[in-house]
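Scroll down for the structure; my scribbles are underneath it.
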Number of protein chains: 4
Amino acid sequence: MTDYKPVPEDKFSFGLWTVQYPGRDPFGEPTRPPMDPVRAVEKLAEIGAYGINFHDDDVVPFGADDAERDRILDGLRKALADTGLVVTTATTNLFTHPVFKDGGFTSNNREVRRYALKKVMRNIDLAAELGAKVYVAWGGRDGQESGGAKNVMEALERNREAYNLLGEFVTDRGYDIKFAIEPKPNEPRGDILLPTVGHAMAFISTLDRPELVGVNPEIGHEEMAGLNAAAGYAQALWQGKLFHIDLNGQHGPKYDQDLRFGAGNVRGAFWVVDTLLAGGYDGPVHFDFKTPRTEDDKGVWIAAEACMTNYLILREKAQAFRADPEVQSALADAQLPELAKPTISEGETWSDIEAAEVPDVEAIGAHGMAFERLDQLALEHLYGVRS
Amino acid sequence: MTDYKPVPEDKFSFGLWTVQYPGRDPFGEPTRPPMDPVRAVEKLAEIGAYGINFHDDDVVPFGADDAERDRILDGLRKALADTGLVVTTATTNLFTHPVFKDGGFTSNNREVRRYALKKVMRNIDLAAELGAKVYVAWGGRDGQESGGAKNVMEALERNREAYNLLGEFVTDRGYDIKFAIEPKPNEPRGDILLPTVGHAMAFISTLDRPELVGVNPEIGHEEMAGLNAAAGYAQALWQGKLFHIDLNGQHGPKYDQDLRFGAGNVRGAFWVVDTLLAGGYDGPVHFDFKTPRTEDDKGVWIAAEACMTNYLILREKAQAFRADPEVQSALADAQLPELAKPTISEGETWSDIEAAEVPDVEAIGAHGMAFERLDQLALEHLYGVRS
Amino acid sequence: MTDYKPVPEDKFSFGLWTVQYPGRDPFGEPTRPPMDPVRAVEKLAEIGAYGINFHDDDVVPFGADDAERDRILDGLRKALADTGLVVTTATTNLFTHPVFKDGGFTSNNREVRRYALKKVMRNIDLAAELGAKVYVAWGGRDGQESGGAKNVMEALERNREAYNLLGEFVTDRGYDIKFAIEPKPNEPRGDILLPTVGHAMAFISTLDRPELVGVNPEIGHEEMAGLNAAAGYAQALWQGKLFHIDLNGQHGPKYDQDLRFGAGNVRGAFWVVDTLLAGGYDGPVHFDFKTPRTEDDKGVWIAAEACMTNYLILREKAQAFRADPEVQSALADAQLPELAKPTISEGETWSDIEAAEVPDVEAIGAHGMAFERLDQLALEHLYGVRS
Amino acid sequence: MTDYKPVPEDKFSFGLWTVQYPGRDPFGEPTRPPMDPVRAVEKLAEIGAYGINFHDDDVVPFGADDAERDRILDGLRKALADTGLVVTTATTNLFTHPVFKDGGFTSNNREVRRYALKKVMRNIDLAAELGAKVYVAWGGRDGQESGGAKNVMEALERNREAYNLLGEFVTDRGYDIKFAIEPKPNEPRGDILLPTVGHAMAFISTLDRPELVGVNPEIGHEEMAGLNAAAGYAQALWQGKLFHIDLNGQHGPKYDQDLRFGAGNVRGAFWVVDTLLAGGYDGPVHFDFKTPRTEDDKGVWIAAEACMTNYLILREKAQAFRADPEVQSALADAQLPELAKPTISEGETWSDIEAAEVPDVEAIGAHGMAFERLDQLALEHLYGVRS
């Protein structure tokens with residue numbers, strides 16, 4: 001609806017399942033017909049996307065035989081070639097079929113755990129062939145509704161086994177693929193293992209090949225725990241672990257809304273984009289949203305396009321905010337440049353700190369941090385009344 | 001009020017500030033008079049506590065001169081000697097005085113950051129002298145209300161500097177002290193750095209001496225983010241990072257209630273105790289609660305005593321639950337023993353998984369996990385109708 | 001699993017949909033086969049239920065022709081006659097079919113609003129024939145994901161029209177049926193009209209026949225908004241509006257968990273039962289839960305039975321709590337008997353209050369309310385360590 | 001910072017306590033000195049406010065004698081006269097002093113209840129003299145931390161007594177004053193009586209003089225319960241009960257943030273303003289915010305001014321949104337005009353609905369509601385990229 005037009009350099013990508021989502025929810029039947037993956041690819045190209053992401057089962061129905069699989073994949077390859085869309089990412093569906101009802105890598109059932117790994121490896125082979133550089137892993141069924149049903153320490157141990165095996169697999173195969181764990185606090189399980197970007201990065205630090213595994217934070221998932229999504233992205237960037245992103249919208253702790261990016265917490269979305277720019281994130285700008293069940297196919301594409309539009313709007317605003325001389329002066333007043341300086345000077349040790357004078361704590365305590373002016377400037381950029 | 005009497009082996013400890021809390025809140029003046037730390041120590045001993053924890057300013061008023069400090073500390077030492085209470089833990093107040101209004105280790109003001117470190121080191125010296133083995137660090141003011149006011153990546157860098165310096169300090173001094181970072185999602189800041197036990201452990205993995213730093217999860221803090229506290233304790237235990245615990249009660253995402261342990265999420269408290277027992281936690285069983293403002297001094301001690309009583313009740317219940325033959329049979333039906341088995345057998349690699357047969361996914365999907373019966377047994381143990 | 005056996009006087013009732021729930025959720029296919037309503041009735045009778053509640057579509061598939069409907073209803077009538085189960089309640093499914101995607105009584109589409117009313121009236125006729133005394137109305141699709149999509153004032157006006165028409169309908173028909181509006185804050189819509197028991201009762205006060213309409217508060221729905229469910233039940237009882245109840249379990253603000261009653265917020269469940277007893281609620285004790293997707297048919301019936309067991313356990317505990325002499329003394333110390341006394345004495349007016357002496361505010365402020373002891377006694381009753 | 005300048009017709013008003021807030025929070029001492037009410041009035045006038053609101057104790061310290069009170073009030077009257085500010089509203093502090101630790105109108109202590117009424121009446125006399133037309137009542141201490149400590153049904157009965165008495169008081173006195181109850185879900189009590197705008201309006205329907213009592217919804221308070229604030233304002237407007245408003249900012253269920261208006265949930269703020277305009281609210285546009293503790297006096301006034309600026313910006317945007325022809329077309333596509341039509345035509349009864357044909361439910365279900373396009377247009381107005 002605006003002049004904000006995506007170009008390939010923007011690296012906008014979509015999960016096929018996002019536009020395929022037929023509008024089924026816990027209380028209602030689908031309102032939209034199934035969408036063939038080829039159509040999804042073609043339409044995404046048409047609206048200006050750069051790449052796609054997919055679960056194995058988004059493309060090839062669960063349980064399809066090899067012949068059907070080949071036929072379908074040929075169609076997908078052709079659609080990709082015809083449109084020029086790239087496969088930035090792939091992932092595995094370890095949650096829809098009843099076999100995964102207690103999870104994949106951490107199901108209490110060992111056969112399920114092994115099958116889950118096999119299913120992942122098969123799709124990694126396809127992902128590698130299609131050129132994906134990131135393999136997302138959402139263990140959404142790995143969790144519990146009740147405390148006795150899952151030994152969390154053992155589940156973590158099983159999870160570690162799984163990622164260690166997969167790390168070995170891609171290494172042995174020579175694939176240029178990294179993993180991105182997607183945290184979520186709950187839904188569809190009462191509590192999910194690795195509920196936040198923090199828990200996932202802590203887990204990763206225990207792996208045999210931690211360098212192969214990062215995170216894929218989803219705005220909505222962090223906000224379902226009442227957390228500041230931008231701060232989570234920042235910690236992931238700081239730890240060198242932001243391998244992928246899932247942008248969308250959410251209104252606080254409630255069911256997973258998966259609103260189009262920009263809807264939901266608008267102010268939070270601004271700071272997420274600002275953080276991605278500041279941290280130099282250069283992976284795919286990936287949207288994981290669901291078009292509300294009230295919409296028809298036309299609404300699906302309006303929503304998809306709006307994800308990109310809103311990112312472009314917010315990117316422009318974040319850049320204008322940082323370039324604004326009044327903002328720069330406000331940042332100085334708020335002592336941000338001082339935060340960038342090391343606390344300990346070159347050559348100092350704790351004994352220098354110990355020996356230092358106590359500063360004038362009353363004067364410092366009385367000196368305003370000037371954050372309100374700075375934030376009001378940001379808000380006015382967001383409102384578009386300063387540009 | 002019951003037969004559950006604490007003994008020293010229970011290692012129950014309290015922050016002095018818990019019983020000292022005078023009932024001031026954002027909307028009201030104190031309802032209780034200040035409490036001298038010596039009285040706090042004596043009364044805690046009387047009700048059966050084993051140890052204490054304290055902020056520097058709980059004992060010595062901020063800004064007191066050396067003479068006053070010495071006088072007060074002599075009183076404290078005497079009270080400890082008289083009562084036999086041990087100092088399990090100490091910590092620093094980096095939040096009450098206006099100088100810390102933008103945080104301690106990550107204040108935008110570099111002088112504040114340096115002063116915060118100096119204040120911590122001074123109290124570590126005291127902690128070491130008094131025998132504390134754990135030094136808790138709650139960076140409750142390290143955060144933001146607005147996105148521009150804090151560069152989170154730089155704040156994390158400053159935080160890393162601080163913990164690296166402190167690690168060097170205790171090492172150089174030869175202190176047998178470890179640090180336990182206490183995460184909290186928000187309050188008194190809009191968003192706090194290291195908001196959950198996961199974020200804190202992820203941060204710790206970046207330190208020079210990660211082995212010196214663990215976490216001090218507080219039940220209420222995790223529940224303020226809607227997270228399952230027991231699962232957080234479990235991940236910390238699994239990562240070898242549960243250096244200290246803060247037990248209390250909370251009713252979900254709202255202001256920090258600090259209810260006495262047992263009040264709040266009763267079912268969650270049961271699973272926290274079960275997890276601590278299963279994970280072999282053997283540090284101090286520390287309570288961080290605030291007696292509601294409606295109570296007088298008598299109420300303070302009833303609440304403090306009840307923290308211990310409730311732990312003893314829940315410990316007994318958790319032990320009875322695990323010992324119950326019907327529970328053990330239910331655990332087997334729920335396939336918990338199978339979760340304890342490695343997914344990959346000795347000598348197997350990914351190629352064995354790849355080559356394995358697809359299991360009968362329909363049959364597995366149709367087989368019930370039997371979690372409801374198991375959880376109902378747990379609930380009946382909690383209700384005390386099976387013992 | 002225990003000696004707590006339901007009897008008809010307990011008036012335990014279940015929605016047919018609760019045991020019929022096949023385990024489909026936003027991320028997964030059903031794990032259990034469809035359940036015939038006749039089997040549901042027979043099994044509920046077997047485990048000790050007294051009555052049932054049903055949506056029209058739980059019994060007769062949406063769109064069935066009259067012949068099929070008659071055949072199915074004959075089967076239901078026979079099952080009810082055979083088992084002796086009563087129909088306490090009925091309700092209408094205005095949410096599953098895509099036609100209701102923007103709601104029923106308040107859909108933007110006027111044809112849908114009219115059809116929704118017609119569908120309700122048809123099922124009220126059946127409900128009346130089967131002896132139901134309460135007709136529940138959950139407008140779960142009446143809501144919005146975005147602010148412009150619904151004019152809330154007009155939606156309320158349409159909702160008022162609907163309830164006024166239905167009031168006229170049952171009056172004209174001479175049915176002995178009352179309506180119970182079931183509030184819910186969100187899910188499946190981003191925000192639902194009449195989100196809490198308070199909003200629903202406020203709405204009811206605007207109706208032509210307010211006496212015909214009350215509320216059906218669900219524990220989980222109130223707790224999804226972080227509200228104290230027992231306090232909501234209490235206000236509904238106080239306003240004479242508690243026409244029906246939906247008991248289940250939830251863990252705070254997140255997706256609608258519909259755990260079996262007793263699981264979830266255990267302490268809250270105790271106070272709900274205590275409130276129902278204190279307020280003299282004598283309608284059906286109705287459970288609205290969903291057995292987790294991990295379970296098979298056996299798990300469904302364990303969960304259903306446990307709802308009743310847990311109610312019986314908690315009822316026994318609440319009665320023991322109120323009968324305990326130590327509790328009665330603690331209630332007196334906490335000044336509950338004084339709360340029961342009118343603030344204004346017989347014959348007094350505001351001028352008496354105006355003329356009264358200022359009390360000794362310092363003394364009163366210093367006097368403890370003794371709530372902690374009282375609450376600890378309640379908790380010990382809940383734990384079963386005092387009985 | 002912008003061209004948005006308040007004029008008296010905007011009716012912007014502030015609670016004196018908002019700018020007086022010294023920055024004390026549960027974990028920290030004040031960072032700003034006390035502010036004399038006269039200075040508050042003068043500065044508010046200077047930045048363009050139209051009116052003020054005050055608690056009795058904001059102006060006259062609790063416990064001041066009559067002479068001091070007279071002296072202070074003379075100063076206030078003079079400041080009002082000098083600046084031309086009007087007193088739009090007044091209210092009573094029933095929460096700061098320990099005497100109110102268990103509430104005001106519903107304290108378990110009857111003496112406190114009577115004293116609370118006396119304190120309110122005294123300040124109503126002053127409010128009437130100063131020309132206030134609305135008297136706000138926030139019963140923030142009327143609540144509980146534990147279920148046994150408060151009999152909610154009796155507390156509601158005491159609350160009813162109080163409002164009935166006050167209604168009689170203002171009627172007898174001939175005051176042109178109405179009451180506005182301010183709901184809040186929790187903080188400083190674990191659960192507060194009348195937690196949402198719905199509960200308050202339901203309560204009001206039970207009063208002797210319901211016409212004298214409406215509500216004062218605060219954005220942040222509704223959002224602390226995860227509710228849609230605009231929808232709450234809409235229901236209050238629809239019931240004719242929106243007697244006053246408290247605008248500010250909040251980030252979901254957590255402690256009461258009281259951010260300046262515009263900060264917090266930006267998208268929600270837009271819809272609140274749109275709703276106020278649509279519903280014809282013409283009372284004072286009142287801000288209830290707290291300047292973060294990080295700020296000095298300068299920051300206080302920047303924040304206060306920004307509340308007004310942001311309202312003016314959002315009002316302009318909401319008006320532009322409604323005037324935009326493309327929006328009007330999108331509203332038509334989304335069938336909003338049809339929602340405005342009665343469901344039942346003039347002269348129809350339920351029998352007409354019963355007799356009506358079943359519409360083509362499949363066709364209606366397949367027809368998109370076109371909400372996404374509408375909402376994206378709203379968002380682009382909010383971003384300022386369409387104006």
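How things are named: the first chain in the structure tokens is A, the next is B, and so on; residues count from 1 in each chain; ligands count from 1 in the order shown.
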
Next item on the list: Within segment 35-272 of chain B, find each residue whose DSSP state, derived from the backbone, is strand (DSSP E or B), and express the selection as number ranges by chain.
Entry: B: 51-55, 86-91, 134-137, 143-144, 178-181, 191-192, 213-215, 218, 242, 246-247, 249, 259, 261, 263

Next item on the list: With a cut-off of 6 Å and counting only C-alpha atoms, select all residues of chain C in contact with chain B and give the selection as a VMD selection string.
Entry: chain C and resid 252 294 to 296 368 to 370 382 to 384

Note to self: Env of Val112 of chain A: 10 Å cut, atoms = only C-alpha atoms, seq-sep filter 5 positions within chain, self excluded. Answer as a list of chain:residue names.
What the structure shows: A:Leu94, A:Val99, A:Phe100, A:Lys101, A:Asp102, A:Gly103, A:Gly104, A:Phe105, A:Thr106, A:Ser107, A:Leu117, A:Lys118, B:Thr343, B:Val358, B:Pro359, B:Asp360, B:Val361, B:Ile364, B:Gly365

Note to self: Rounded to one decimal, what separation in Å do you get between atom CA of Leu16 of chain A and atom CA of Val59 of chain A?
What the structure shows: 8.3 Å

Item checked: Contacts of Leu85 of chain C within 6 Å, only C-alpha atoms, excl. fewer than 4 positions in-chain, as number ranges by chain -> C: 50-51, 80

Residue selection dump (C-alpha atoms) as a PDB file, in the first residue's frame:
```
ATOM      1  CA  TYR C  50     -24.556 -36.870  37.846  1.00  0.00           C
ATOM      2  CA  GLY C  51     -25.188 -34.798  34.763  1.00  0.00           C
ATOM      3  CA  LEU C  80     -29.728 -40.709  29.418  1.00  0.00           C
TER       4      LEU C  80
END
```

Notebook entry, point to check: Counting only C-alpha atoms, what is within 10 Å of Tyr233 of chain A, bar same-chain residues fewer than 2 positions away, as an MDAnalysis selection string?
Noted result: (chainID A and resid 197 215:219 222 228:231 235:239 241:242 245 271:273 275:276 279 281) or (chainID B and resid 152:153)

Check: Do you know which residues are at most 8 Å from Asp274 of chain C counting only C-alpha atoms, after dropping those on the same chain fewer than 5 positions away, and could you put them as a list in words?
Finding: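 My list of contacting residues is Arg315, Ala318 and Gln319 of chain C.
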
Notebook entry, point to check: So how many Å separate atom CA of Ser329 of chain B and atom CA of Gly190 of chain A, to one decimal?
Noted result: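 The value is 23.7 Å.
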
Item checked: Every residue of segment 73-131 of chain C that DSSP places in alpha helix (DSSP H), as a ChimeraX atom specification -> /C:73-83,110-129

Store the residues picked out above in a file with C-alpha atoms, as a compact mmCIF listing (two decimals), in the first residue's frame.
```
# COMPACT_ATOMS: atom_id res chain seq x y z
CA LEU C 73 -31.07 -37.68 19.55
CA ASP C 74 -33.06 -40.84 20.12
CA GLY C 75 -29.80 -42.54 20.95
CA LEU C 76 -28.90 -39.79 23.38
CA ARG C 77 -32.31 -39.87 25.06
CA LYS C 78 -32.02 -43.60 25.50
CA ALA C 79 -28.53 -43.34 26.96
CA LEU C 80 -29.73 -40.71 29.42
CA ALA C 81 -32.70 -42.86 30.40
CA ASP C 82 -30.52 -45.93 30.76
CA THR C 83 -27.90 -44.26 32.87
CA ARG C 110 -25.66 -9.52 9.94
CA GLU C 111 -26.70 -12.79 8.34
CA VAL C 112 -24.33 -14.61 10.65
CA ARG C 113 -25.76 -12.83 13.67
CA ARG C 114 -29.26 -13.90 12.70
CA TYR C 115 -28.18 -17.44 11.96
CA ALA C 116 -26.38 -17.64 15.31
CA LEU C 117 -29.60 -16.73 17.10
CA LYS C 118 -31.55 -19.29 15.13
CA LYS C 119 -29.00 -21.97 15.97
CA VAL C 120 -29.19 -21.07 19.66
CA MET C 121 -32.97 -21.13 19.74
CA ARG C 122 -33.09 -24.53 18.10
CA ASN C 123 -30.82 -25.98 20.74
CA ILE C 124 -32.69 -24.24 23.56
CA ASP C 125 -35.77 -26.13 22.43
CA LEU C 126 -33.82 -29.36 22.77
CA ALA C 127 -32.29 -28.27 26.07
CA ALA C 128 -35.72 -27.53 27.48
CA GLU C 129 -37.05 -30.88 26.34
```
